[in-house]
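What follows is one structure encoded as structure tokens, with my remarks underneath.
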Amino acid sequence: MLEVTEKIKPCVRELRAYALTPERAAVKLNQNENPWDAPERIKQESLRRLQARSWSRYPDFVPASLHARLAEFAGWQPEGIIAGNGSNELIQALLMVTIGEGKRVLICEPTFALYRQIAIVLGGEVASVPLDAGLKYDVAAVREKMHTIEPDVTILCAPNNPTGCGIDAPELVSLLENTGGLVAVDEAYFEFAARTVAPLLERHKNLVVFRTFSKAMGLAALRVGYLMAAPEIARETAKAVLPYNLNAVSQTIAEVALELYESELLPQVTRIIAERQRLYAGLQTIEGLEAVRSEANFMVVRSRIKPCLVFEELLRRDILIRDVSGYPLLQDYFRVSVGTPGENDLLVTALQEIFA
Ligand SMILES: *Cc1c(COP(=O)(O)O)cnc(C)c1O
């Protein structure tokens, strides 16, 4: 009998699906979201604009007004920007136009699982350089690997999910100048790092930067992200993006969020950064835990107790974290997102109990 799945590419059949466990809890620290809901002013202004818009008409073919606001916000030319239905869509689009059989993607692990997943589905080969013993980028090893495998695309996440490490501009430049391929930097969490590689776009035509509205911008439900690159790269990548990928609701709300970023969202980001320092200090006082410094709104924590047990114990106390012990190098680690001050207090208190 013919197995229907025989028609599925072997490289896909061999993959384990990217999935998230369905647990729910009152204190949700598992997905690195902004712990506060979108500010009321952003909601009200967005609803006002949506009310005034015709819902029977397609959105813009190219969301030009959003691209213009992004250009202003990020300091890059609108011709080099694509907005998408989440940054994941644009990561996929870039890999669709660059990766196929015989093409190579270079990543550093542990990192965001989707890069490997998409590259494999597209039939590409993935090479990986481990982070160093301090869970930071080993740039010399990446340079070396670039020489041996000549990757078509190198993907770095900065700050890296799940370890929170960043990359220095001179080191990134050394990689950009060391490869004939593209170097994509996923800046999903750059707002919390107070640094960005975007200024390098001007001089380095092989740099591609991804950003999202799902984290600091507090709009994970809306699915908006953007890509920044040389206009010729953006033009080619746009060929892999479906028409009307961004719906009018998300486009409108993203524009409002950019307009009100400084007054409404930046104060939240500042508070989250302060909470990250406070949470780090709180975790370090617990015997049996060792938090790793992070530039993002989350951190990994080394644990004397098995991470899956810590996960279960916290869930019993209505706190949801991420068990990342299945990632390379992270057998003994879990990851926590930085929550509101109250949530972080609950987390530290619960962990004090568990490790008492
Ligand atoms: C959360 C996250 C994103 C965001 O993806 P969206 O599709 O924009 O929601 C991208 N990259 C990394 C590494 C992330 O952790």
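Each chain in the structure tokens gets a letter, A, B, ..., in the order shown, and its residues are numbered from 1; ligands are numbered from 1 in order too.
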Using only C-alpha atoms, determine which residues lie at most 7 Å from region 309-324 of chain A, disregarding the query and same-chain residues fewer than 6 positions distant; provide the list as a PDB file with N, CA, C and O atoms, in the first residue's frame.
ATOM      1  N   ARG A  24      -1.238  26.517  30.511  1.00  0.00           N
ATOM      2  CA  ARG A  24      -1.603  27.906  30.780  1.00  0.00           C
ATOM      3  C   ARG A  24      -1.370  28.184  32.255  1.00  0.00           C
ATOM      4  O   ARG A  24      -1.440  27.284  33.086  1.00  0.00           O
ATOM      5  N   ALA A  25      -1.099  29.440  32.594  1.00  0.00           N
ATOM      6  CA  ALA A  25      -0.935  29.813  33.995  1.00  0.00           C
ATOM      7  C   ALA A  25      -1.198  31.306  34.143  1.00  0.00           C
ATOM      8  O   ALA A  25      -1.124  32.060  33.170  1.00  0.00           O
ATOM      9  N   ALA A  26      -1.491  31.713  35.374  1.00  0.00           N
ATOM     10  CA  ALA A  26      -1.787  33.130  35.630  1.00  0.00           C
ATOM     11  C   ALA A  26      -0.546  33.990  35.383  1.00  0.00           C
ATOM     12  O   ALA A  26      -0.635  35.095  34.875  1.00  0.00           O
ATOM     13  N   VAL A  27       0.625  33.450  35.773  1.00  0.00           N
ATOM     14  CA  VAL A  27       1.879  34.186  35.558  1.00  0.00           C
ATOM     15  C   VAL A  27       2.590  33.546  34.373  1.00  0.00           C
ATOM     16  O   VAL A  27       3.118  32.444  34.468  1.00  0.00           O
ATOM     17  N   LYS A  28       2.581  34.248  33.261  1.00  0.00           N
ATOM     18  CA  LYS A  28       3.023  33.658  31.987  1.00  0.00           C
ATOM     19  C   LYS A  28       4.398  34.209  31.619  1.00  0.00           C
ATOM     20  O   LYS A  28       4.516  35.332  31.126  1.00  0.00           O
ATOM     21  N   LEU A  29       5.428  33.412  31.886  1.00  0.00           N
ATOM     22  CA  LEU A  29       6.798  33.868  31.662  1.00  0.00           C
ATOM     23  C   LEU A  29       7.517  32.925  30.693  1.00  0.00           C
ATOM     24  O   LEU A  29       8.709  32.661  30.827  1.00  0.00           O
ATOM     25  N   ASN A  30       6.773  32.429  29.686  1.00  0.00           N
ATOM     26  CA  ASN A  30       7.356  31.405  28.807  1.00  0.00           C
ATOM     27  C   ASN A  30       7.593  31.868  27.371  1.00  0.00           C
ATOM     28  O   ASN A  30       8.190  31.154  26.593  1.00  0.00           O
ATOM     29  N   LEU A 330      22.288  23.228  26.953  1.00  0.00           N
ATOM     30  CA  LEU A 330      21.423  23.768  28.010  1.00  0.00           C
ATOM     31  C   LEU A 330      20.721  22.684  28.826  1.00  0.00           C
ATOM     32  O   LEU A 330      19.656  22.932  29.400  1.00  0.00           O
ATOM     33  N   TYR A 333      19.360  23.927  32.160  1.00  0.00           N
ATOM     34  CA  TYR A 333      18.841  25.296  32.198  1.00  0.00           C
ATOM     35  C   TYR A 333      17.328  25.378  31.943  1.00  0.00           C
ATOM     36  O   TYR A 333      16.768  24.574  31.208  1.00  0.00           O
ATOM     37  N   PHE A 334      16.723  26.382  32.561  1.00  0.00           N
ATOM     38  CA  PHE A 334      15.393  26.819  32.144  1.00  0.00           C
ATOM     39  C   PHE A 334      15.472  28.296  31.784  1.00  0.00           C
ATOM     40  O   PHE A 334      16.444  28.981  32.103  1.00  0.00           O
ATOM     41  N   ARG A 335      14.436  28.775  31.096  1.00  0.00           N
ATOM     42  CA  ARG A 335      14.403  30.186  30.685  1.00  0.00           C
ATOM     43  C   ARG A 335      13.188  30.859  31.294  1.00  0.00           C
ATOM     44  O   ARG A 335      12.098  30.273  31.306  1.00  0.00           O
ATOM     45  N   VAL A 336      13.393  32.074  31.804  1.00  0.00           N
ATOM     46  CA  VAL A 336      12.266  32.854  32.307  1.00  0.00           C
ATOM     47  C   VAL A 336      12.207  34.187  31.582  1.00  0.00           C
ATOM     48  O   VAL A 336      13.237  34.815  31.317  1.00  0.00           O
ATOM     49  N   ALA A 350       8.571  31.719  44.693  1.00  0.00           N
ATOM     50  CA  ALA A 350       8.293  30.320  44.396  1.00  0.00           C
ATOM     51  C   ALA A 350       9.593  29.529  44.264  1.00  0.00           C
ATOM     52  O   ALA A 350       9.707  28.406  44.777  1.00  0.00           O
TER      53      ALA A 350
END
Worksheet item: What residues have any atom no more than 7 Å from ligand 1 when counting only C-alpha atoms and all ligand atoms, and can you list them as a ChimeraX atom specification?
Response: /A:32,85-89,112,157,160-161,186,188,211-215,220,223-225
Practice prompt. Could you give me the residues within region 183-281 of chain A that DSSP places in helix (DSSP H, G or I), as a ChimeraX atom specification?
Written response: /A:190-192,198-201,220-222,231-238,248-259,261-281
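Of the listed residues A:Ala198, A:Leu172, A:Ala38, A:Leu95, the one whose atoms come nearest to Ala216 (chain A) is A:Ala38, with distances taken using only C-alpha atoms.
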Discussion item. At a cut-off of 12 Å, using only C-alpha atoms, what residues contact region 168-170 of chain A? Leave out same-chain residues fewer than 5 positions from it and give the result as a ChimeraX atom specification.
Written reply: /A:136-139,156,158-159,175-177,185,193,195-201,204
Dump of C-alpha atoms for the selected residues, as a tab-separated table (two decimals), in the first residue's frame:
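The file below, result.tsv, is the result:
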chain	number	residue	atom	x	y	z
A	136	LYS	CA	28.33	33.80	24.19
A	137	TYR	CA	29.07	34.00	20.46
A	138	ASP	CA	32.38	32.39	19.52
A	139	VAL	CA	33.09	34.78	16.66
A	156	LEU	CA	22.70	35.29	14.16
A	158	ALA	CA	21.16	39.32	18.83
A	159	PRO	CA	20.28	39.34	21.65
A	175	LEU	CA	31.93	38.36	9.79
A	176	LEU	CA	30.26	40.51	7.13
A	177	GLU	CA	33.66	41.08	5.51
A	185	VAL	CA	20.72	39.31	12.27
A	193	ALA	CA	19.70	45.72	24.53
A	195	ARG	CA	22.09	48.60	20.79
A	196	THR	CA	21.42	47.67	17.18
A	197	VAL	CA	23.40	46.62	14.13
A	198	ALA	CA	21.13	48.65	11.81
A	199	PRO	CA	23.75	51.43	11.26
A	200	LEU	CA	25.91	48.80	9.52
A	201	LEU	CA	23.31	48.40	6.74
A	204	HIS	CA	27.39	46.31	4.28
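You will find CA of Gly326 (chain A) at 23.9 Å from CA of Gly123 (chain A).
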Worksheet item: Separation of CA of Arg278 (chain A) and CA of Cys165 (chain A), in Å?
Response: 18.1 Å
Worksheet item: region 58-75 of chain A: which residues within 12 Å, counting only C-alpha atoms, same-chain residues fewer than 2 positions away excluded, as an NGL selection string?
Response: :A and (50 or 53-56 or 77-85 or 187 or 190-191 or 195-202 or 209-213 or 224-229 or 235 or 238 or 241-262)
Worksheet item: For Asn34 (chain A), which residue among A:Ile273, A:Ile305, A:Leu351, A:Ala356 is the nearest when counting only C-alpha atoms?
Response: A:Ile273
Item to complete: Pick out the residues sitting within 10 Å of Leu182 (chain A), and hand them over as a PyMOL selection string; count only C-alpha atoms, and ignore anything fewer than 6 positions along from it in its own chain.
Response: chain A and resi 94+98+105+151-155+175-176+204-208+233
Discussion item. Calculated over only C-alpha atoms, which of the candidates A:Gln51, A:Thr163, A:Gln92, A:Asn344 has the smallest distance to Val301 (chain A)?
Written reply: A:Thr163
